[in-house]
Each structure stands twice: as C-alpha cells, then as structure tokens.
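What follows is the content of work_38.txt (compact mmCIF, C-alpha atoms).
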```
# COMPACT_ATOMS: atom_id res chain seq x y z
CA MET R 13 -150.91 -92.34 -147.03
CA GLU R 14 -150.07 -89.04 -148.69
CA GLN R 15 -146.44 -87.95 -148.82
CA ARG R 16 -145.54 -85.89 -145.78
CA ILE R 17 -142.50 -83.87 -144.77
CA TYR R 18 -141.30 -84.89 -141.32
CA PHE R 19 -139.52 -82.28 -139.20
CA ASP R 20 -140.07 -83.84 -135.75
CA HIS R 21 -137.06 -86.12 -135.32
CA ALA R 22 -136.49 -84.98 -131.73
CA ALA R 23 -139.80 -86.68 -130.92
CA THR R 24 -139.01 -89.92 -132.74
CA THR R 25 -137.33 -91.20 -135.88
CA PRO R 26 -138.34 -93.79 -138.49
CA VAL R 27 -136.70 -97.18 -138.09
CA ASP R 28 -133.74 -97.60 -140.43
CA LYS R 29 -134.38 -100.43 -142.90
CA ARG R 30 -131.09 -102.05 -141.90
CA VAL R 31 -132.31 -102.11 -138.31
CA ALA R 32 -135.67 -103.62 -139.25
CA GLU R 33 -133.92 -106.35 -141.22
CA LYS R 34 -131.71 -107.16 -138.22
CA MET R 35 -134.75 -107.37 -135.93
CA LEU R 36 -137.02 -109.48 -138.14
CA PRO R 37 -135.59 -112.95 -137.36
CA TYR R 38 -136.01 -112.27 -133.63
CA ILE R 39 -139.70 -111.57 -134.19
CA THR R 40 -140.52 -114.51 -136.44
CA GLU R 41 -137.93 -117.23 -135.89
CA ILE R 42 -135.68 -116.69 -132.87
CA PHE R 43 -138.61 -115.96 -130.59
CA GLY R 44 -137.44 -117.54 -127.34
CA ASN R 45 -137.56 -115.97 -123.90
CA ALA R 46 -133.94 -115.01 -123.30
CA ASP R 47 -134.11 -116.29 -119.72
CA SER R 48 -135.38 -119.76 -120.62
CA PRO R 49 -132.76 -122.50 -120.04
CA HIS R 50 -133.40 -124.44 -123.27
CA ALA R 51 -131.74 -124.01 -126.66
CA VAL R 52 -134.34 -121.58 -128.03
CA GLY R 53 -133.95 -119.36 -125.01
CA ARG R 54 -130.16 -119.57 -125.03
CA THR R 55 -130.10 -118.49 -128.68
CA ALA R 56 -132.13 -115.41 -127.78
CA MET R 57 -129.85 -114.65 -124.83
CA CYS R 58 -126.81 -114.86 -127.11
CA ALA R 59 -128.35 -112.10 -129.21
CA VAL R 60 -128.95 -109.99 -126.09
CA ASP R 61 -125.37 -110.54 -124.93
CA GLU R 62 -124.04 -109.54 -128.34
CA ALA R 63 -126.16 -106.37 -128.32
CA ARG R 64 -124.98 -105.52 -124.81
CA ASP R 65 -121.34 -106.02 -125.84
CA THR R 66 -121.84 -103.79 -128.88
CA ILE R 67 -123.35 -100.92 -126.92
CA ALA R 68 -120.80 -101.26 -124.13
CA THR R 69 -117.95 -101.02 -126.62
CA LEU R 70 -119.46 -97.98 -128.32
CA ILE R 71 -119.79 -96.04 -125.03
CA ASN R 72 -116.51 -97.38 -123.56
CA ALA R 73 -118.25 -99.28 -120.76
CA GLN R 74 -118.17 -102.83 -119.44
CA PRO R 75 -121.08 -105.05 -120.57
CA SER R 76 -122.00 -105.55 -116.90
CA GLU R 77 -122.61 -101.78 -116.65
CA VAL R 78 -125.26 -101.74 -119.42
CA TYR R 79 -128.89 -102.37 -118.43
CA PHE R 80 -131.75 -102.56 -120.91
CA THR R 81 -135.00 -100.74 -120.12
CA SER R 82 -138.30 -100.00 -121.84
CA GLY R 83 -136.98 -96.60 -122.95
CA GLY R 84 -135.60 -93.28 -121.78
CA THR R 85 -138.45 -92.60 -119.38
CA GLU R 86 -137.90 -95.78 -117.39
CA ALA R 87 -134.14 -95.27 -117.43
CA ASP R 88 -134.55 -91.71 -116.13
CA ASN R 89 -136.91 -92.84 -113.37
CA TRP R 90 -134.61 -95.66 -112.36
CA ALA R 91 -131.52 -93.45 -112.21
CA MET R 92 -133.20 -90.68 -110.27
CA ILE R 93 -135.25 -92.72 -107.81
CA GLY R 94 -132.94 -95.71 -107.50
CA GLY R 95 -129.86 -93.55 -107.11
CA ALA R 96 -131.46 -91.20 -104.60
CA LEU R 97 -132.84 -93.99 -102.42
CA ALA R 98 -129.46 -95.68 -102.32
CA LYS R 99 -127.69 -92.47 -101.31
CA ARG R 100 -130.26 -91.73 -98.62
CA LYS R 101 -128.79 -94.66 -96.70
CA GLU R 102 -125.68 -92.48 -96.40
CA GLY R 103 -127.72 -89.65 -94.88
CA ARG R 104 -128.05 -87.66 -98.11
CA ASN R 105 -131.56 -86.39 -98.78
CA GLU R 106 -131.26 -83.59 -101.34
CA ILE R 107 -131.62 -83.68 -105.14
CA VAL R 108 -130.20 -81.12 -107.57
CA LEU R 109 -131.44 -80.96 -111.16
CA SER R 110 -131.90 -78.38 -113.88
CA SER R 111 -135.24 -76.67 -114.41
CA ILE R 112 -135.21 -77.75 -118.08
CA GLU R 113 -135.01 -81.52 -117.61
CA HIS R 114 -137.28 -83.93 -119.47
CA HIS R 115 -140.62 -84.62 -117.78
CA ALA R 116 -139.44 -88.12 -116.87
CA VAL R 117 -136.76 -86.58 -114.65
CA LEU R 118 -139.00 -83.82 -113.31
CA SER R 119 -141.73 -86.26 -112.31
CA SER R 120 -139.15 -88.47 -110.60
CA ALA R 121 -137.96 -85.46 -108.61
CA GLN R 122 -141.55 -84.71 -107.59
CA ARG R 123 -141.97 -88.30 -106.36
CA LEU R 124 -138.76 -88.01 -104.36
CA GLU R 125 -139.93 -84.74 -102.86
CA LYS R 126 -143.10 -86.49 -101.63
CA ALA R 127 -140.85 -89.16 -100.14
CA GLY R 128 -139.06 -86.54 -98.03
CA PHE R 129 -136.22 -85.36 -100.26
CA THR R 130 -135.42 -81.68 -100.71
CA VAL R 131 -135.28 -80.78 -104.41
CA ARG R 132 -133.24 -77.88 -105.74
CA TYR R 133 -133.81 -76.67 -109.31
CA LEU R 134 -130.99 -75.05 -111.26
CA PRO R 135 -131.88 -71.97 -113.33
CA VAL R 136 -130.70 -71.44 -116.91
CA ASN R 137 -129.50 -68.31 -118.65
CA GLU R 138 -131.36 -66.71 -121.55
CA GLY R 139 -129.45 -68.96 -123.95
CA GLY R 140 -130.90 -72.04 -122.27
CA MET R 141 -127.74 -73.21 -120.50
CA VAL R 142 -127.13 -73.97 -116.83
CA GLU R 143 -124.21 -71.95 -115.48
CA SER R 144 -121.50 -73.57 -113.39
CA SER R 145 -121.93 -71.05 -110.59
CA ALA R 146 -125.54 -72.17 -110.10
CA ILE R 147 -124.45 -75.79 -109.75
CA GLU R 148 -121.72 -74.87 -107.29
CA GLU R 149 -124.19 -72.95 -105.16
CA ALA R 150 -126.84 -75.69 -105.12
CA VAL R 151 -124.74 -78.78 -104.37
CA ASN R 152 -123.68 -79.49 -100.79
CA GLU R 153 -122.75 -82.31 -98.42
CA HIS R 154 -126.42 -83.40 -98.23
CA THR R 155 -126.84 -83.82 -101.99
CA ALA R 156 -127.62 -87.39 -103.06
CA ILE R 157 -127.69 -86.96 -106.82
CA VAL R 158 -127.04 -84.19 -109.35
CA CYS R 159 -128.88 -84.50 -112.65
CA LEU R 160 -128.14 -82.44 -115.74
CA MET R 161 -129.26 -83.49 -119.21
CA SER R 162 -126.57 -83.59 -121.88
CA ALA R 163 -128.68 -81.76 -124.48
CA ASN R 164 -132.10 -80.21 -124.16
CA ASN R 165 -134.93 -81.82 -126.11
CA GLU R 166 -136.70 -78.55 -127.00
CA THR R 167 -133.83 -76.21 -127.86
CA GLY R 168 -130.97 -78.61 -128.57
CA VAL R 169 -128.69 -76.62 -126.25
CA LEU R 170 -125.76 -78.67 -124.90
CA GLN R 171 -125.23 -78.47 -121.16
CA PRO R 172 -121.97 -78.25 -119.13
CA ILE R 173 -122.06 -81.83 -117.87
CA ASP R 174 -118.29 -81.82 -117.32
CA LYS R 175 -118.66 -79.03 -114.75
CA ALA R 176 -121.69 -80.67 -113.16
CA GLU R 177 -119.86 -83.99 -112.84
CA GLU R 178 -116.82 -82.37 -111.23
CA ILE R 179 -118.88 -80.46 -108.69
CA ALA R 180 -121.11 -83.43 -107.86
CA HIS R 181 -118.20 -85.77 -107.23
CA ARG R 182 -116.25 -83.18 -105.27
CA LYS R 183 -119.23 -82.92 -102.92
CA GLY R 184 -119.70 -86.71 -102.71
CA ALA R 185 -122.90 -86.89 -104.78
CA LEU R 186 -123.81 -89.12 -107.71
CA PHE R 187 -123.97 -87.59 -111.18
CA PHE R 188 -126.58 -88.66 -113.72
CA THR R 189 -127.13 -87.34 -117.24
CA ASP R 190 -130.07 -87.92 -119.57
CA ALA R 191 -128.36 -88.37 -122.93
CA VAL R 192 -131.48 -89.26 -124.93
CA GLN R 193 -131.14 -86.31 -127.32
CA TYR R 194 -127.34 -86.26 -127.13
CA ALA R 195 -126.64 -89.87 -128.11
CA PRO R 196 -127.64 -89.66 -131.80
CA TYR R 197 -125.28 -86.78 -132.56
CA MET R 198 -122.45 -86.69 -130.02
CA PRO R 199 -119.90 -89.34 -129.02
CA ILE R 200 -120.37 -90.96 -125.63
CA ASP R 201 -117.40 -92.15 -123.60
CA VAL R 202 -118.59 -92.83 -120.07
CA LYS R 203 -115.05 -93.03 -118.71
CA LYS R 204 -114.04 -89.64 -120.10
CA MET R 205 -117.39 -88.17 -119.08
CA LYS R 206 -116.97 -89.68 -115.56
CA VAL R 207 -120.72 -90.16 -115.20
CA ASP R 208 -122.20 -92.49 -112.60
CA MET R 209 -125.35 -93.06 -114.67
CA LEU R 210 -126.39 -92.21 -118.22
CA SER R 211 -129.56 -92.93 -120.18
CA PHE R 212 -130.51 -93.03 -123.85
CA SER R 213 -133.27 -94.43 -126.06
CA ALA R 214 -133.23 -96.27 -129.40
CA HIS R 215 -136.05 -94.45 -131.16
CA LYS R 216 -134.11 -91.20 -131.25
CA PHE R 217 -131.49 -92.71 -133.59
CA TYR R 218 -133.61 -94.68 -136.05
CA GLY R 219 -134.11 -97.68 -133.80
CA PRO R 220 -137.31 -99.21 -132.42
CA LYS R 221 -139.53 -97.64 -129.79
CA GLY R 222 -139.86 -99.29 -126.40
CA VAL R 223 -136.21 -99.93 -125.59
CA GLY R 224 -133.51 -97.92 -123.89
CA VAL R 225 -130.31 -98.19 -121.88
CA LEU R 226 -129.27 -97.14 -118.42
CA TYR R 227 -125.52 -97.18 -117.86
CA ILE R 228 -124.64 -97.67 -114.20
CA LYS R 229 -120.98 -97.37 -113.33
CA SER R 230 -119.51 -100.41 -111.64
CA GLY R 231 -119.59 -99.96 -107.87
CA VAL R 232 -122.39 -97.39 -107.89
CA LYS R 233 -125.29 -98.53 -105.73
CA VAL R 234 -128.76 -98.05 -107.20
CA GLU R 235 -132.02 -99.39 -105.78
CA LYS R 236 -134.11 -101.66 -107.98
CA LEU R 237 -137.09 -99.92 -109.58
CA VAL R 238 -138.99 -102.65 -111.47
CA GLY R 239 -139.69 -105.79 -109.46
CA GLY R 240 -140.56 -109.18 -110.85
CA GLY R 241 -138.10 -111.75 -112.11
CA GLU R 242 -134.33 -111.84 -111.86
CA GLN R 243 -133.64 -110.43 -115.32
CA GLU R 244 -130.80 -107.96 -115.91
CA ARG R 245 -128.64 -109.52 -113.20
CA GLY R 246 -131.46 -109.23 -110.69
CA MET R 247 -131.76 -105.45 -111.13
CA ARG R 248 -134.79 -105.13 -113.43
CA GLY R 249 -137.68 -107.56 -113.64
CA GLY R 250 -139.48 -108.26 -116.90
CA THR R 251 -139.06 -110.39 -120.00
CA LEU R 252 -136.37 -108.95 -122.22
CA ASN R 253 -137.57 -107.40 -125.48
CA VAL R 254 -135.08 -109.29 -127.63
CA PRO R 255 -136.04 -107.88 -131.07
CA ALA R 256 -135.91 -104.30 -129.77
CA ILE R 257 -132.61 -104.85 -127.95
CA VAL R 258 -131.06 -106.32 -131.11
CA GLY R 259 -132.46 -103.38 -133.10
CA MET R 260 -131.14 -100.83 -130.65
CA ALA R 261 -127.60 -102.17 -130.87
CA LYS R 262 -127.72 -102.14 -134.67
CA ALA R 263 -129.20 -98.64 -134.77
CA TYR R 264 -126.59 -97.23 -132.40
CA GLU R 265 -123.81 -98.94 -134.31
CA ILE R 266 -125.02 -97.25 -137.50
CA ALA R 267 -125.48 -93.89 -135.75
CA CYS R 268 -121.92 -93.94 -134.45
CA ALA R 269 -120.44 -95.03 -137.78
CA GLU R 270 -122.34 -92.39 -139.76
CA ARG R 271 -122.31 -89.60 -137.18
CA ALA R 272 -119.89 -87.25 -138.91
CA GLU R 273 -121.66 -87.51 -142.26
CA THR R 274 -125.10 -87.13 -140.69
CA ASN R 275 -124.11 -84.12 -138.60
CA GLU R 276 -122.55 -82.37 -141.59
CA LYS R 277 -125.77 -82.81 -143.55
CA LEU R 278 -127.93 -81.62 -140.66
CA ARG R 279 -125.84 -78.50 -140.13
CA PHE R 280 -126.21 -77.70 -143.81
CA LEU R 281 -130.01 -78.18 -143.66
CA CYS R 282 -130.37 -76.04 -140.55
CA THR R 283 -128.24 -73.28 -142.04
CA LYS R 284 -130.21 -73.38 -145.30
CA PHE R 285 -133.51 -73.24 -143.43
CA LEU R 286 -132.47 -70.24 -141.35
CA GLU R 287 -131.08 -68.43 -144.40
CA GLU R 288 -134.42 -68.81 -146.17
CA LEU R 289 -136.25 -67.31 -143.20
CA ALA R 290 -133.71 -64.54 -142.51
CA PRO R 291 -135.59 -61.82 -144.49
CA ILE R 292 -138.71 -62.24 -142.35
CA GLU R 293 -138.96 -59.92 -139.37
CA GLY R 294 -140.07 -61.10 -135.96
CA ILE R 295 -138.36 -64.50 -135.94
CA THR R 296 -136.02 -65.31 -133.04
CA ARG R 297 -134.15 -68.53 -132.41
CA ASN R 298 -134.53 -69.89 -128.89
CA GLY R 299 -131.21 -71.34 -127.80
CA VAL R 300 -128.34 -70.09 -129.90
CA GLY R 301 -124.58 -70.36 -129.99
CA ASP R 302 -122.04 -73.01 -130.84
CA ASN R 303 -123.27 -75.45 -128.21
CA VAL R 304 -126.44 -76.63 -129.96
CA LEU R 305 -127.29 -79.97 -131.54
CA PRO R 306 -127.03 -79.89 -135.35
CA SER R 307 -130.63 -81.09 -135.77
CA VAL R 308 -132.80 -78.71 -133.74
CA VAL R 309 -134.06 -75.21 -134.54
CA ASN R 310 -136.49 -73.74 -132.01
CA LEU R 311 -138.06 -70.54 -133.32
CA ARG R 312 -140.23 -67.85 -131.77
CA LEU R 313 -142.63 -66.44 -134.36
CA ASP R 314 -143.78 -63.10 -132.99
CA GLY R 315 -147.54 -62.64 -133.26
CA VAL R 316 -148.18 -66.24 -134.37
CA GLU R 317 -149.84 -68.70 -131.98
CA ASN R 318 -148.06 -72.03 -132.30
CA THR R 319 -151.21 -74.17 -132.21
CA ALA R 320 -152.62 -72.38 -135.27
CA PHE R 321 -149.26 -72.51 -137.04
CA LEU R 322 -148.80 -76.24 -136.40
CA PHE R 323 -152.35 -76.93 -137.59
CA ASN R 324 -151.78 -75.10 -140.86
CA MET R 325 -148.42 -76.79 -141.44
CA ASP R 326 -149.94 -80.21 -140.75
CA LEU R 327 -152.77 -79.56 -143.21
CA ASN R 328 -150.10 -78.88 -145.80
CA GLY R 329 -148.16 -82.05 -145.07
CA VAL R 330 -145.45 -80.77 -142.71
CA CYS R 331 -145.03 -82.47 -139.33
CA LEU R 332 -143.39 -80.57 -136.48
CA SER R 333 -144.13 -79.70 -132.87
CA ALA R 334 -144.08 -77.02 -130.23
CA GLY R 335 -141.71 -79.01 -128.01
CA SER R 336 -141.60 -82.28 -126.13
CA ALA R 337 -143.98 -84.96 -127.43
CA CYS R 338 -144.39 -86.12 -123.81
CA ALA R 339 -146.15 -82.85 -123.00
CA SER R 340 -148.08 -82.34 -126.24
CA ALA R 341 -151.43 -82.82 -124.50
CA SER R 342 -150.68 -79.97 -122.12
CA ILE R 343 -151.91 -76.43 -122.78
CA LYS R 344 -149.27 -75.02 -120.43
CA PRO R 345 -146.38 -73.03 -121.90
CA SER R 346 -143.06 -74.83 -122.26
CA HIS R 347 -141.23 -75.14 -118.94
CA VAL R 348 -137.97 -74.98 -120.87
CA LEU R 349 -138.72 -71.70 -122.61
CA THR R 350 -140.20 -70.03 -119.53
CA ALA R 351 -137.08 -71.06 -117.59
CA MET R 352 -135.09 -69.20 -120.26
CA GLY R 353 -137.05 -66.03 -119.49
CA LEU R 354 -139.69 -66.12 -122.22
CA THR R 355 -143.15 -64.92 -121.30
CA GLU R 356 -146.12 -67.26 -121.54
CA LYS R 357 -147.14 -65.49 -124.75
CA GLN R 358 -143.66 -65.87 -126.27
CA SER R 359 -143.56 -69.53 -125.30
CA LYS R 360 -146.85 -70.12 -127.07
CA GLU R 361 -145.43 -68.44 -130.17
CA SER R 362 -142.53 -70.92 -130.35
CA VAL R 363 -142.16 -74.06 -132.48
CA ARG R 364 -139.49 -76.74 -132.82
CA PHE R 365 -138.12 -77.92 -136.15
CA SER R 366 -135.97 -81.04 -135.75
CA PHE R 367 -134.44 -82.37 -138.95
CA GLY R 368 -133.27 -85.90 -139.76
CA LYS R 369 -130.80 -87.71 -141.98
CA ASN R 370 -133.46 -88.51 -144.60
CA ASN R 371 -134.62 -84.92 -145.08
CA THR R 372 -133.66 -83.27 -148.36
CA GLU R 373 -132.76 -79.74 -149.32
CA GLU R 374 -135.98 -79.57 -151.35
CA GLU R 375 -138.01 -80.41 -148.25
CA ILE R 376 -136.17 -77.75 -146.26
CA LEU R 377 -136.89 -75.09 -148.90
CA LEU R 378 -140.56 -76.05 -149.07
CA GLY R 379 -140.82 -76.06 -145.29
CA ALA R 380 -139.28 -72.59 -145.15
CA ARG R 381 -141.66 -71.27 -147.83
CA LEU R 382 -144.68 -72.65 -145.99
CA THR R 383 -143.39 -71.23 -142.73
CA ALA R 384 -143.11 -67.80 -144.29
CA GLN R 385 -146.56 -68.16 -145.86
CA PHE R 386 -148.31 -69.04 -142.61
CA ILE R 387 -146.47 -66.44 -140.57
CA LYS R 388 -147.88 -63.82 -142.95
CA LYS R 389 -151.34 -65.39 -142.90
CA LEU R 390 -151.61 -65.76 -139.12
CA ARG R 391 -150.24 -62.32 -138.30
```

Re-express the file's structure as structure tokens.
Amino acid sequence: MEQRIYFDHAATTPVDKRVAEKMLPYITEIFGNADSPHAVGRTAMCAVDEARDTIATLINAQPSEVYFTSGGTEADNWAMIGGALAKRKEGRNEIVLSSIEHHAVLSSAQRLEKAGFTVRYLPVNEGGMVESSAIEEAVNEHTAIVCLMSANNETGVLQPIDKAEEIAHRKGALFFTDAVQYAPYMPIDVKKMKVDMLSFSAHKFYGPKGVGVLYIKSGVKVEKLVGGGEQERGMRGGTLNVPAIVGMAKAYEIACAERAETNEKLRFLCTKFLEELAPIEGITRNGVGDNVLPSVVNLRLDGVENTAFLFNMDLNGVCLSAGSACASASIKPSHVLTAMGLTEKQSKESVRFSFGKNNTEEEILLGARLTAQFIKKLR
C-alpha cells in the first residue's frame, strides 16, 4: 500500500508493536477459554486477572470494579441503561446528559426514553463546554443518572466532570463519564474523580479494537446488559477476548508511562500546524481554550464543503475526517457543532485533524500545505 499520512487518531490508532508482541502468544499458543476449569483455561484466566490488576492499579480502582467489554460502545450502553434501570427501582425516572455525547450514549438515552424515562439534554456554550449552571438546573430528585463525557470526540474540549459529579451526588443520582477520548491523554483516578461509572476503549491508545472497560464503583447497582454465561462475575455474558484484554492492559500501561512525552509532542505538532495555517483567512477553530486535548484540531474552513475537502486530501494520501467515525455514513451536520451554535452550512465546512504519537513534523507541514492548497482550490 502507498505511504499515507494519518491524521485521524480520534477515530482509531494503529496497534503499538509492543502491544502486538504481548498479544501474539494468546492468539497462537495460550488459546484457552478463560472460564474453562482445566490447565489451559486457567492459564488464560491468569492473563486476564493480571490485565485486570494492571488496569485497576493505573486508574486507582479495585480489580473487582473493572469489567471488560467489547469496546466503548458496549460500555456506554451498559452504564447508561444498566445504571438507569437500577435507579428506577428507587423511583428515579429521569436522565440528564449533554447534547454533545457520543452516539453510543445518545442512542442509549433514546432507548431509555422509549422505556418511559424523561431525558434532559444539557446545552453547551459556543466553546463547546457544558456550563455548571445548566447541570444544576437540569438535575433534580427524580434524576437517575447524570452523564457527561470527559472530553469530546469531535472538538477535544474537556468537560467539567468535577462539577457534574458534585451536583449529581448531591441530588442522589449516579454519575457516569465516557472517558474514551480522555484516557489516552489525561490521568484517570476514579477515587479523586468520584465517578460511579467510567468507560474507555483500547483502540484509542494504540491497543486492539474490540475491547473496552467499564469501571463500576463498588456498591453501585447496575443491571446486567449482556446475558449468556456467568463471565465477569456474573455481570456480562460472553467468552472473554483474552488476546485483546492482554493487549489493552499493555497499551494502557504504555500510554500512562509515556503520557507526558506524547502530550508534549502533540502540543508541538498542533501548534506548528496552526501556525502554518495562520496566514489563511476564513479558518476558525471549533472548540478553543486551555481545556482541549493536545491531539485534536477541529477547523471550520469558510466556503469549503468538507466532503470535497476530505476527498481531495484522501486522493493525496492524507487521512482525516469530519467528526465521529460512528456517524461517517450520515449526511446530517455534526450534532456537536450545531449544539455549539454553528449553522448547518458551517458544520458542513468543518473537519477534524487528530494527530498521533507517530506523526512527524514533516507530515504536519505537508498536511498544512495541502490544506492550504485545497482551501484555495475549492473556494
């Protein structure tokens, strides 16, 4: 395959070679079902237990609070639906979430609404952040669960989860945060964050696809989502994906160890990219300020339709997107950008660059030159 420049790390990342090497024996040699009682199965379960211990330590949780899932989408569904159904037994039948959540959370809220829950959506300001006053106004004694993502997947804007947690708990509700985009770049300490539930996914930090984690605080009641066997302490049916679980633990271990170095490089690349584009008129960054992930730059290119821009960039070997990969088949404008006050036209003139640890300054400069070239061409 021809050499390509990849600027879509918010969608997924390549598997780190160190992670692949760690996984390989569990694909070819240690292949047992982790729930089988014999020696081959027990060896696989030992690997799962070690991975669970590793992740628990890194997020300051107990191993019994870490549940493996098929990814962020399942974890989000489980937290939202399982948490809400459990709280309904206490007479709470309202859900509060931001209007910029990932589609996995939004679709879960829609399912709950059909099941009789009232759903309240929090607005965001023009910078893409939920304001504390909106949370305070929306949460009440009937609220079952408050959900606010830690960092937005389209703009990279960090959200005030500390305020959301405090308000939710003061009103007797559960607090859940989707930390899928947050986990690769920001430290997670579930005790300091005081979250009841938190999700993240391996393929965002150079781990394998198809595996994620849902942290559930000890004592928090959550209904089972996936039926079947008695895996995951009877809470989630399905044969454990041992190679992916092992890979996830290794990938997260590396991400935590190298976080400072990676973030410094990404900030440099983002700054360099924006400096190269600064002379061009009609470029606006969506989601600005100090509270933004170091990897994401969402730009509005006035007068340039994003589908045409992405097509031209792809033809010239540059991979990027207009926003969430989960909604790439949709022709609708971004729900995140419209929530921030952009018009449908402005939303369709916006693209997301998300850089990774393997990108180089040379790639950034070429990407900026091509961006400038196609802005001029398409205008």

Expressed in Å to a single decimal, how great is the separation between CA of Phe217 (chain R) and CA of Thr24 (chain R)?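 Atom-to-atom, CA of Phe217 (chain R) and CA of Thr24 (chain R) are spaced 8.1 Å apart.
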
Grab the CA of Thr283 (chain R) to CA of Gly329 (chain R) distance for me, in Å with one decimal place. 22.0 Å

Between R:Ala46, R:Ala150, R:Ile71, R:Met161, single out the one closest to Pro199 (chain R), counting all atoms listed in the file.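 Closest residue, counting all atoms listed in the file: R:Ile71.
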
CA of Ser230 (chain R) to CA of Asp208 (chain R), distance in Å rounded to a single decimal: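 It comes out at 8.4 Å.
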
Set out as CSV a contact list for region 58-121 of chain R and region 246-257 of chain R with a cut-off of 9 Å, giving each residue of region 58-121 of chain R that qualifies its closest atom pair and distance in Å to one decimal, counting only C-alpha atoms, ordered by chain and rising residue number.
```
residue,atom,partner,partner_atom,distance
R:Ala59,CA,R:Val254,CA,7.5
R:Val60,CA,R:Val254,CA,6.4
R:Ala63,CA,R:Ile257,CA,6.6
R:Arg64,CA,R:Ile257,CA,8.3
R:Tyr79,CA,R:Arg248,CA,8.2
R:Phe80,CA,R:Ile257,CA,7.5
R:Thr81,CA,R:Arg248,CA,8.0
R:Ser82,CA,R:Asn253,CA,8.3
```

Name the closest residue to Asn89 (chain R) among the candidates R:Val238, R:Ile67, R:Leu170, R:Leu160; distances are taken between atoms, counting all atoms listed in the file.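 Ranked by minimum distance to Asn89 (chain R), first place goes to R:Val238.
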
Give me the residues within 12 Å of Thr355 (chain R) as an NGL selection string, counting only C-alpha atoms and dropping any in the same chain fewer than 5 places off. :R and (138 or 312 or 314 or 344-350 or 360-362)

May I ask which of the residues R:Val117, R:Ala22, R:Leu377, R:Ala32 is the closest one to Glu287 (chain R), counting only C-alpha atoms? R:Leu377

Would you list the residues near (-137.2, -116.3, -131.0) (no more than 8 Å away, in the coordinates of the file, using all atoms listed in the file) as a list in words? Pro37, Tyr38, Ile39, Thr40, Glu41, Ile42, Phe43, Gly44, Asn45, Val52, Gly53, Thr55 and Ala56 of chain R

Around the point (-123.2, -73.3, -131.7) (coordinates from the file), which residues reach within 12 Å if we count all atoms listed in the file? Answer as a PDB file with C-alpha atoms, keeping the file's coordinate frame.
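Output file part10.pdb is given in full below:
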```pdb
ATOM      1  CA  GLY R 139    -129.450 -68.960-123.950  1.00  0.00           C
ATOM      2  CA  THR R 167    -133.830 -76.210-127.860  1.00  0.00           C
ATOM      3  CA  GLY R 168    -130.970 -78.610-128.570  1.00  0.00           C
ATOM      4  CA  VAL R 169    -128.690 -76.620-126.250  1.00  0.00           C
ATOM      5  CA  LEU R 170    -125.760 -78.670-124.900  1.00  0.00           C
ATOM      6  CA  GLN R 171    -125.230 -78.470-121.160  1.00  0.00           C
ATOM      7  CA  ARG R 279    -125.840 -78.500-140.130  1.00  0.00           C
ATOM      8  CA  CYS R 282    -130.370 -76.040-140.550  1.00  0.00           C
ATOM      9  CA  THR R 283    -128.240 -73.280-142.040  1.00  0.00           C
ATOM     10  CA  ARG R 297    -134.150 -68.530-132.410  1.00  0.00           C
ATOM     11  CA  GLY R 299    -131.210 -71.340-127.800  1.00  0.00           C
ATOM     12  CA  VAL R 300    -128.340 -70.090-129.900  1.00  0.00           C
ATOM     13  CA  GLY R 301    -124.580 -70.360-129.990  1.00  0.00           C
ATOM     14  CA  ASP R 302    -122.040 -73.010-130.840  1.00  0.00           C
ATOM     15  CA  ASN R 303    -123.270 -75.450-128.210  1.00  0.00           C
ATOM     16  CA  VAL R 304    -126.440 -76.630-129.960  1.00  0.00           C
ATOM     17  CA  LEU R 305    -127.290 -79.970-131.540  1.00  0.00           C
ATOM     18  CA  PRO R 306    -127.030 -79.890-135.350  1.00  0.00           C
ATOM     19  CA  SER R 307    -130.630 -81.090-135.770  1.00  0.00           C
ATOM     20  CA  VAL R 308    -132.800 -78.710-133.740  1.00  0.00           C
ATOM     21  CA  VAL R 309    -134.060 -75.210-134.540  1.00  0.00           C
TER      22      VAL R 309
END
```

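The residue that comes closest to Leu286 (chain R), out of R:Ala98, R:Ile376, R:Ile228, R:Val363 and on the basis of all atoms listed in the file, is R:Ile376.
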
Show which residues sit within 12 Å of Glu288 (chain R), as number ranges by chain. Count only C-alpha atoms, and ignore same-chain residues fewer than 6 positions away. R: 281-282, 295, 373, 376-384

So, with only C-alpha atoms as the atoms that count, which of R:Ala127, R:Val223, R:Leu322, R:Ile17 lies closest to Asn370 (chain R)?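 The closest residue to Asn370 (chain R) is R:Ile17.
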
Give me the residues near Arg30 (chain R) as number ranges by chain, where near means some atom within 12 Å (using all atoms listed in the file) and where sequence neighbours in that chain fewer than 6 positions away do not count. R: 36, 218-220, 258-267

Name all residues at most 9 Å from Asp88 (chain R) (count only C-alpha atoms; drop same-chain ones fewer than 4 positions away) and give them as a ChimeraX atom specification. /R:83-84,92-93,114,116-117,120,188-190,210-212,226

Nearest to Ile112 (chain R) among R:Asn72, R:Ser145, R:Ser48, R:Asn164, with distances taken over only C-alpha atoms: which residue is it?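 Distance minimum relative to Ile112 (chain R) lands on R:Asn164.
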
I want to know what sits within 10 Å of Ala185 (chain R), based on all atoms listed in the file, with residues of the same chain fewer than 3 positions away left out; could you give that as a short mmCIF file (atom, residue, chain, number, x, y, z; two decimals) with C-alpha atoms, keeping the file's coordinate frame?
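See out_31.cif below for the written result:
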```
data_model
loop_
_atom_site.label_atom_id
_atom_site.label_comp_id
_atom_site.auth_asym_id
_atom_site.auth_seq_id
_atom_site.Cartn_x
_atom_site.Cartn_y
_atom_site.Cartn_z
CA GLY R 95 -129.86 -93.55 -107.11
CA ALA R 96 -131.46 -91.20 -104.60
CA LYS R 99 -127.69 -92.47 -101.31
CA ARG R 104 -128.05 -87.66 -98.11
CA GLU R 106 -131.26 -83.59 -101.34
CA ILE R 107 -131.62 -83.68 -105.14
CA VAL R 108 -130.20 -81.12 -107.57
CA VAL R 151 -124.74 -78.78 -104.37
CA ASN R 152 -123.68 -79.49 -100.79
CA GLU R 153 -122.75 -82.31 -98.42
CA HIS R 154 -126.42 -83.40 -98.23
CA THR R 155 -126.84 -83.82 -101.99
CA ALA R 156 -127.62 -87.39 -103.06
CA ILE R 157 -127.69 -86.96 -106.82
CA VAL R 158 -127.04 -84.19 -109.35
CA GLU R 177 -119.86 -83.99 -112.84
CA GLU R 178 -116.82 -82.37 -111.23
CA ILE R 179 -118.88 -80.46 -108.69
CA ALA R 180 -121.11 -83.43 -107.86
CA HIS R 181 -118.20 -85.77 -107.23
CA ARG R 182 -116.25 -83.18 -105.27
CA PHE R 188 -126.58 -88.66 -113.72
CA ASP R 208 -122.20 -92.49 -112.60
#
```
